[in-house]
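Undergrad: Below you'll find the structure I mean.
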Amino acid sequence: MLDIKLIRENPDKVKAGMKAKEVDCDAIVDRILELDKQRRELLGQTEALKAEQNKVSKQIPALKKAGQDTSAIFKEMGEIKEKIAGLDGQLREVVAEYQDCMYSLPNMPDDDLVPGGKENNEPLRYFGEPKTFDFEPKNHVDLCTGLGLIDYERGVKLGGNGFWIYKGLGAQLEWALLNYFIETHLADGYEMIMPPYMLEYQCGLTAGQFPKFADEVYKIANPTDDRIHYMLPTAEAALASVYRDEILTEADLPKKFFSYTPCFRREAGSYRADERGMVRGHQFNKVEMFQYTLPEKSDEAFEELVTKAENLVRGLGFHFRTVKLAAGDCSASMARTYDIEISIPSMNGYKEVSSVSNARDYQARRGNMRVRRADRSIQFMHTLNGSGLATSRVLPALVEQNQLPDGSIVVPEVLRKYLGGLEIIKK
RNA sequence: GGAGACGUAUCGAAGUGGCCAUAACGAGCUUGACUCGAAAUCAAGUUGUCGGGUAACCGGCACAUGGGUUCGAAUCCCAUCGUCUCCGCCA
């Protein structure tokens, strides 16, 4: 959520920011200004009436005690009450629409971002060397199936299209990756969080996924009551609500969290041919990093998270790059995002394995998460998140980049200790 | 699933229709006094939010949440959420 003061005082700047993100919000911004004006007018009127009501009703006990006739006052109070009820009703409607508009307005992009979409993304740096093969490399689906690491067909039998089974060494390799990520974050002083996997609506609203992406997540309804939960699409949805409606003290920050969770996404629509296998499933494993910081510290935290994600990928020995996203490719809630993209040979290009973002105070406003500063003033915190990492792109890259001519796979050095020292996965 | 109790500031807690909401009382925290220093003691300060105002300040709202009754609700009624206790059931 944006600061209403910014919208009020600088609507053109907000409109321009949204245009840089390639969303046209002119109508919403204008509507917000209108509703804000109505809201304040109605507030002024009701509050004046309420002040009158309070004043008069305070006099009633004294009048009664003195034995005076209060029926005229009662009549007058009745009229005030009706007026207040009418205005309150109007106010409620205005506020409801105002809030809907405020929640649906995306975050402002940072000033230094290039406007426009994906095509304007800017690779910042490359790591390692592109992998070349002196044989015809196989794709990860054939490699994993050939080695019995993943069972796509039986996965579909269990969960339908978009699910698979990690089997044997495949499951162990997946778990080894997660262990490697977790150990690294622990060593870096991040606190491990295991959140619920089913969340209430407010979590999605705070993180900024709702209302826009409410259709992209799984909705769990109960047979006997009407409470609804949502399967988390990313641990961010949980981590961003940990301090919802709380005021922390300056000394509490930063909070550095990470979580391993499965992530559940409907991914409605058909797969593209180049997204076979485990690149876009309904359930995937991800370790998510999250930070709550003081406003002036979030840039620093952002760099830390990017570096952490890069180090994880580097530790696996991959060729990859870090890309600064153009304004329009950043998600709605985020002021800036860097993607870490790994090369997956069969897909002729780079695929995102981590996305690190700074939401600044956008999520904090939605979730009312604040910090009391040393001078006792109160501010919204900043929130940041980043994958560290999602395995669904790492494992395909791993098997493809590390394949040998006979279809075996070299296990990256850092993972061997989790696999009993295994160096090569062979048939 | 059944029965009961409870939800007030940082914490404990008082308040059962107007005299109780910057909230009694107790504790904590901050500052000051005393002290060589600490403890103890004493004094002062310690909720958030919205609207108006350059400001000092003025006004509204908030006693879990949402409704209702009433001129007036922390207090009475209803619903929801949460916590606790006992019983039942159960991976």
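Scheme for the structure tokens: letters A, B, ... for chains in order shown; per-chain residue numbers from 1; ligand numbers from 1 in order shown.
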With only C-alpha atoms (C1' of nucleotides) considered, list every residue of chain B at most 12 Å from chain A, as a list of chain:residue names.
TA: B:U10, B:G17, B:G18, B:C19, B:U30, B:U46, B:U47, B:G48, B:U49, B:C50, B:G51, B:G52, B:C58, B:G59, B:G60, B:C61, B:U70, B:C71, B:G72, B:U80, B:C81
Undergrad: Hey, what's within 9 Å of Tyr103 (chain A) if we count only C-alpha atoms (C1' of nucleotides) and toss same-chain stuff fewer than 3 positions away? As an NGL selection string, please?
TA: :A and (1-2 or 98-100 or 106 or 205 or 208 or 210-211 or 366)
Undergrad: Extract, using only C-alpha atoms (C1' of nucleotides), all DNA, RNA and protein residues at most 8 Å from region 64-68 of chain B, discarding same-chain residues fewer than 2 positions from it, and format them as number ranges by chain.
TA: B: 7, 77-82
Undergrad: In Å, with one decimal, what is the gap from CA of Val217 (chain A) to CA of Asn161 (chain A)?
TA: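 So the two atoms, CA of Val217 (chain A) and CA of Asn161 (chain A), lie 15.8 Å apart.
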Undergrad: Could you list, as a list of chain:residue names, every residue within 10 Å of region 3-8 of chain A, counting only C-alpha atoms (C1' of nucleotides) and ignoring same-chain residues fewer than 4 positions away?
TA: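 Everything that qualifies: A:Asp12, A:Lys13, A:Val14, A:Lys15, A:Val29, A:Asp30, A:Ile32, A:Leu33, A:Glu34, A:Asp36, A:Lys37, A:Met102, A:Asp361, A:Tyr362, A:Arg365.
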Undergrad: CA of Ile228 (chain A) and CA of Pro262 (chain A) are how many Å apart?
TA: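 It comes out at 19.4 Å.
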Undergrad: Find the spatial neighbours of region 320-322 of chain A, counting only C-alpha atoms (C1' of nucleotides), within a cut-off of 12 Å - ignore same-chain residues fewer than 3 positions away - and output them as a ChimeraX atom specification.
TA: /A:121-131,303,306-307,309-317,325,337-345,349-356,394,397-398,401
Undergrad: Please measure the separation of CA of Leu35 (chain A) and CA of Gln209 (chain A), giving the value in Å to one decimal.
TA: 23.8 Å
Undergrad: Would you mind listing what lies within 12 Å of His185 (chain A) as a list in words, with only C-alpha atoms (C1' of nucleotides) counted and same-chain residues fewer than 3 positions away left out?
TA: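 Close residues of His185 (chain A): Leu178, Asn179, Tyr180, Phe181, Ile182, Asp188, Gly189, Tyr190, Glu191, Met192, Ile193, Lys256, Phe257, Phe258, Ser259, Tyr260, Val287, Glu288, Met289, Phe290, Glu304, Leu305, Lys308, Ala309, Asn311, Leu312, Ser387, Gly388 and Leu389 of chain A.
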Undergrad: Give the strand (DSSP E) residues of region 297-419 of chain A, as DSSP finds them on the backbone, and put them as a PyMOL selection string.
TA: chain A and resi 320-324+336-344+349-360+370-372+378-380+382-390+409-410
Undergrad: Considering only C-alpha atoms (C1' of nucleotides), return as a PDB file with N, CA and C atoms, in the first residue's frame whatever protein or nucleic-acid residues lie within 6 Å of Lys167 (chain A), sequence-local ones (same chain, fewer than 4 positions apart) excluded.
TA:
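Output contents, as saved in out14.pdb:
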```pdb
ATOM      1  N   LEU A 149      15.542 -40.816 -10.928  1.00  0.00           N
ATOM      2  CA  LEU A 149      15.521 -39.814  -9.856  1.00  0.00           C
ATOM      3  C   LEU A 149      14.125 -39.232  -9.666  1.00  0.00           C
ATOM      4  N   ILE A 150      13.417 -39.104 -10.782  1.00  0.00           N
ATOM      5  CA  ILE A 150      12.089 -38.504 -10.754  1.00  0.00           C
ATOM      6  C   ILE A 150      11.148 -39.416 -11.515  1.00  0.00           C
ATOM      7  N   ALA A 171      15.230 -38.016  -4.535  1.00  0.00           N
ATOM      8  CA  ALA A 171      14.720 -37.395  -3.311  1.00  0.00           C
ATOM      9  C   ALA A 171      15.886 -36.973  -2.427  1.00  0.00           C
TER      10      ALA A 171
END
```
Undergrad: Going by DSSP on the backbone, which bits of region 186-391 of chain A are helix (DSSP H, G or I)? Write them as JSON, numbers by chain, please.
TA: {"A": [186, 187, 201, 202, 203, 204, 205, 206, 207, 214, 215, 216, 235, 236, 237, 238, 239, 250, 251, 252, 273, 274, 275, 295, 296, 297, 298, 299, 300, 301, 302, 303, 304, 305, 306, 307, 308, 309, 310, 311, 312, 313, 314, 315, 327, 328, 329, 345, 346, 347, 362, 363, 364, 365, 366, 367, 391]}
Undergrad: Between B:G2, B:A43, B:C63, B:A55, single out the one closest to A23 (chain B), counting only C-alpha atoms (C1' of nucleotides).
TA: B:C63
